[in-house]
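Visitor: Structure below; questions to follow.
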Amino acid sequence: MSAILRKSSFFFITHLCTFSIPGLATIPIWENAGMLSVMALWVPLWLSSSVLWSERQESYAFLRTLPVTDRQVVRAKFGLALGFIVLYWAILALLIRRAWGASPEYAGYMALASLTCSLAVVLAAVWYIVSWRFGTTVLTVAVIALLVIGLIMALAANMERMVKTHGIGILAPRWLAEGPWIYQVLLFAASLAAYFGLMRVAVRVKERSKANL
Amino acid sequence: MTPVLEAKNLTKRYHDFTLKDISVEIPPGSITAFFGPTGAGKTTLMKLLTRQIPATSGAVRVFGLAYDDREREIKSRIGYVPQEPVCYKDRSVEFNARFAASFYERWDGGAFYRMLDEFRVGREKAVKRLSRGQKTLFAIALALSHEADLLILDEPTAGLDAILRRAILERLRKFVADGERTVIVSSHITDGLEDIAEYVNFLSDGRLVFQSEKDELLARWKRIHFKDGALPPDLVGQLADVRQMPFGSSGLTRDFSALRERLASGIAAGDVKVENATLDDILIAMHQGE
């Protein structure tokens, strides 16, 4: 594994754990595993936090002194973000299957997981670009705001309400939950296309910016 | 001779400072120094030459290659020593070395640790706990451990004691001894560097004021001492850094050959004495002239 991936992964994982704790504490997670899908919205937050940390102080400046191009840095971090989101989606799918397999709620929770993970992919890309364009410090306020929003959403989309609506609560659109499975595939494909498009933008932004140096 | 590094019309614009239109060619197998007062743009230039920061305009080619196409290859052949080492300062010297080593194909860990031992830099120590001199030595050891062909150092001797300064300069001299490898160094002090640099450049207020071979520069610039009354009044305007001394005056000339004939009789009579100017003298005169 390359040093960039190794170093960034460390921050991804530590932040994942750190930011998961308050979220997990607000919901009876083991009884209502489907709630984890709401937490997918926090994935970009973890990712951006990792950027904040993996490029903090002189870390990125150090990297610039080494034989590494900005393109490599961007690709490694985008790849890592995508990998984590896909992994997160897979875990959610397993948990939802286990909790609601063959029940009416299953489709609703899967739709919710797919939607939030698809949004998370694009949000992560935008987050990267903003932090590379303006520096990681400007994101501090945004990170806190997103954390608060995430907590409120997790509380608002409580289990009782979602069960009553067969998992199709305020966060999971009916068209996605009740439509054919291909809709979810198309949704993820669209977000992937946006993600790779944004990665090209990110390379240009990173090469021209001296933020984090 | 193909230059090892070539910069053309390099410009970097900040809101409060601009490094303007720098064009230089660095010959291989040499030590080239960039001098200039604090804030002249030396660090910005070193960062541009090593692609630490993007240029506003202009181009740099190193080893005949352009950064846009071959950045990784170029950087793997450059050893860069920043003014203040940039790394994971909370982590140990060894951790930082391992991290850096993973990016180089030709990393010589043995050479790195030998240099640390020689410089007495503790490998388990966090970088932030090293002294100023040790940090520089650590950065130099990092830069010298991947068999670089070009070493670029930004103020490597600033704030160091005479012994360390000499040790570093000796390293640089050895580095270029085979005639294949090249050193570019920036400094606001000439102390010691004037002995080893073959080419000198002077930066002032973001502009490259002059570039020259050091020997040629020292051959042209002379300090002339005049006994009381021996300094012709019309010559005062042609001299730089004119000083009144207890028994006469002295001044610097940028081109002694133009005055040689005129001063010949004074020299013969012992009223005029000519001595080599130091690089410091020249740089100060240049700066005042600016």
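As shown in the structure tokens, the chain order sets the letters A, B, ...; within each chain, residues go from 1, and ligands are also counted from 1 in the order they appear.
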Check the DSSP output for the backbone and give back, as an MDAnalysis selection string, the residues of stretch 92-181 of chain B in helix (DSSP H, G or I).
Guide: chainID B and resid 93:101 109:119 127:129 132:144 162:176
Visitor: I need the contact residues of chain B against chain A, so if you could list those with any atom within 9 Å, counting only C-alpha atoms, and return them as an MDAnalysis selection string, that would help.
Guide: chainID B and resid 50:55 71:82 85:89 99:100 102:104
Visitor: Can you pull out the residues contacting stretch 38-45 of chain B? Cut-off 9 Å, using only C-alpha atoms, and skip same-chain residues under 6 positions away; I want them as a PyMOL selection string.
Guide: chain B and resi 10-12+17-19+22+53+82-83+154-155+186-188+203-207
Visitor: Grab the residues selected above and save them as a PDB file, in the first residue's frame with C-alpha atoms.
Guide:
```
ATOM      1  CA  LEU B  10       9.643  32.708 -14.035  1.00  0.00           C
ATOM      2  CA  THR B  11       7.147  34.900 -12.212  1.00  0.00           C
ATOM      3  CA  LYS B  12       5.274  34.377  -8.988  1.00  0.00           C
ATOM      4  CA  PHE B  17       5.165  40.557  -3.346  1.00  0.00           C
ATOM      5  CA  THR B  18       6.134  39.552  -6.852  1.00  0.00           C
ATOM      6  CA  LEU B  19       9.093  37.545  -8.007  1.00  0.00           C
ATOM      7  CA  ILE B  22      13.594  35.218 -13.451  1.00  0.00           C
ATOM      8  CA  ILE B  53       4.448  25.985  -5.469  1.00  0.00           C
ATOM      9  CA  PRO B  82      13.966  23.839   2.803  1.00  0.00           C
ATOM     10  CA  GLN B  83      14.818  26.720   5.081  1.00  0.00           C
ATOM     11  CA  ASP B 154      17.330  27.174   0.943  1.00  0.00           C
ATOM     12  CA  GLU B 155      19.389  29.045   3.545  1.00  0.00           C
ATOM     13  CA  SER B 186      20.295  30.339  -1.467  1.00  0.00           C
ATOM     14  CA  SER B 187      21.532  32.454   1.397  1.00  0.00           C
ATOM     15  CA  HIS B 188      21.371  35.935   2.800  1.00  0.00           C
ATOM     16  CA  LEU B 203      18.241  38.814  -5.934  1.00  0.00           C
ATOM     17  CA  SER B 204      16.778  42.060  -4.714  1.00  0.00           C
ATOM     18  CA  ASP B 205      13.139  42.962  -4.284  1.00  0.00           C
ATOM     19  CA  GLY B 206      11.954  40.042  -6.364  1.00  0.00           C
ATOM     20  CA  ARG B 207      14.295  40.668  -9.288  1.00  0.00           C
TER      21      ARG B 207
END
```
Visitor: For atom CA of A:Ala81 and atom CA of A:Ala124, determine how far apart the two atoms are, in Å to one decimal place.
Guide: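 Distance between the two atoms: 7.1 Å.
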Visitor: Find the spatial neighbours of stretch 31-35 of chain B, counting only C-alpha atoms, within a cut-off of 9 Å - ignore same-chain residues fewer than 3 positions away - and output them as a PyMOL selection string.
Guide: chain B and resi 26-28+40+42+172-173+176+182-190+193-194+196-204+211+213+283
Visitor: Could you list, as a PDB file with N, CA and C atoms, in the first residue's frame, every residue within 12 Å of B:Arg260, counting only C-alpha atoms and ignoring same-chain residues fewer than 4 positions away?
Guide:
```
ATOM      1  N   ARG B 220      36.658  41.635 -11.500  1.00  0.00           N
ATOM      2  CA  ARG B 220      36.221  42.964 -11.950  1.00  0.00           C
ATOM      3  C   ARG B 220      36.074  43.943 -10.782  1.00  0.00           C
ATOM      4  N   TRP B 221      35.490  43.451  -9.710  1.00  0.00           N
ATOM      5  CA  TRP B 221      35.237  44.336  -8.573  1.00  0.00           C
ATOM      6  C   TRP B 221      36.483  44.413  -7.680  1.00  0.00           C
ATOM      7  N   LYS B 222      36.905  45.622  -7.368  1.00  0.00           N
ATOM      8  CA  LYS B 222      38.059  45.799  -6.468  1.00  0.00           C
ATOM      9  C   LYS B 222      37.738  46.905  -5.477  1.00  0.00           C
ATOM     10  N   ILE B 224      39.372  49.960  -3.638  1.00  0.00           N
ATOM     11  CA  ILE B 224      40.540  50.835  -3.823  1.00  0.00           C
ATOM     12  C   ILE B 224      40.656  51.769  -2.618  1.00  0.00           C
ATOM     13  N   THR B 253      35.007  49.603  -7.021  1.00  0.00           N
ATOM     14  CA  THR B 253      34.751  49.802  -8.446  1.00  0.00           C
ATOM     15  C   THR B 253      34.223  48.510  -9.042  1.00  0.00           C
ATOM     16  N   ASP B 255      34.460  47.824 -12.196  1.00  0.00           N
ATOM     17  CA  ASP B 255      35.285  47.399 -13.327  1.00  0.00           C
ATOM     18  C   ASP B 255      36.673  48.010 -13.187  1.00  0.00           C
ATOM     19  N   PHE B 256      37.509  47.278 -12.502  1.00  0.00           N
ATOM     20  CA  PHE B 256      38.830  47.827 -12.210  1.00  0.00           C
ATOM     21  C   PHE B 256      39.642  48.037 -13.490  1.00  0.00           C
ATOM     22  N   ALA B 264      47.408  54.021 -12.286  1.00  0.00           N
ATOM     23  CA  ALA B 264      48.726  53.374 -12.312  1.00  0.00           C
ATOM     24  C   ALA B 264      49.775  54.188 -11.556  1.00  0.00           C
ATOM     25  N   SER B 265      49.804  55.513 -11.804  1.00  0.00           N
ATOM     26  CA  SER B 265      50.838  56.331 -11.158  1.00  0.00           C
ATOM     27  C   SER B 265      50.633  56.369  -9.643  1.00  0.00           C
ATOM     28  N   GLY B 266      49.364  56.479  -9.218  1.00  0.00           N
ATOM     29  CA  GLY B 266      49.052  56.498  -7.780  1.00  0.00           C
ATOM     30  C   GLY B 266      49.465  55.192  -7.118  1.00  0.00           C
ATOM     31  N   ILE B 267      49.227  54.087  -7.819  1.00  0.00           N
ATOM     32  CA  ILE B 267      49.594  52.773  -7.268  1.00  0.00           C
ATOM     33  C   ILE B 267      51.112  52.685  -7.131  1.00  0.00           C
ATOM     34  N   ALA B 268      51.788  53.158  -8.175  1.00  0.00           N
ATOM     35  CA  ALA B 268      53.260  53.109  -8.167  1.00  0.00           C
ATOM     36  C   ALA B 268      53.824  53.976  -7.038  1.00  0.00           C
ATOM     37  N   VAL B 272      47.780  54.872  -3.725  1.00  0.00           N
ATOM     38  CA  VAL B 272      46.560  54.098  -4.012  1.00  0.00           C
ATOM     39  C   VAL B 272      46.878  52.614  -3.844  1.00  0.00           C
ATOM     40  N   LYS B 273      45.995  51.967  -3.118  1.00  0.00           N
ATOM     41  CA  LYS B 273      46.196  50.530  -2.897  1.00  0.00           C
ATOM     42  C   LYS B 273      44.933  49.778  -3.341  1.00  0.00           C
ATOM     43  N   VAL B 274      45.166  48.698  -4.068  1.00  0.00           N
ATOM     44  CA  VAL B 274      44.015  47.945  -4.605  1.00  0.00           C
ATOM     45  C   VAL B 274      43.963  46.564  -3.944  1.00  0.00           C
TER      46      VAL B 274
END
```
Visitor: Closest to B:Val209 among B:Ala269, B:Ala97, B:Met286, B:Leu259, using only C-alpha atoms?
Guide: B:Met286
Visitor: Using Å and a single decimal, report how far atom CA of A:Val148 sits from atom CA of A:Ala90.
Guide: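 We find that atom CA of A:Ala90 and atom CA of A:Val148 lie 25.5 Å from each other.
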Visitor: Find the distance between atom CA of A:Val203 and atom CA of A:Arg75 and write it in Å to one decimal.
Guide: 8.1 Å
Visitor: When you count only C-alpha atoms, which of these residues is closest to A:Ala202: A:Ile129, A:Cys117, A:Ala76, A:Leu112?
Guide: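 Looking at the shortest contact to A:Ala202, the residue is A:Ile129.
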Visitor: Using only C-alpha atoms, determine which residues lie at most 10 Å from B:Arg165, disregarding the query and same-chain residues fewer than 4 positions distant; provide the list as a VMD selection string.
Guide: chain B and resid 133 156 to 161 169 to 171 191 to 193
Visitor: Considering only C-alpha atoms, can you say which of B:Ser145, B:Asn9, B:Gln238, B:Gln288 comes closest to B:Gly110?
Guide: B:Ser145
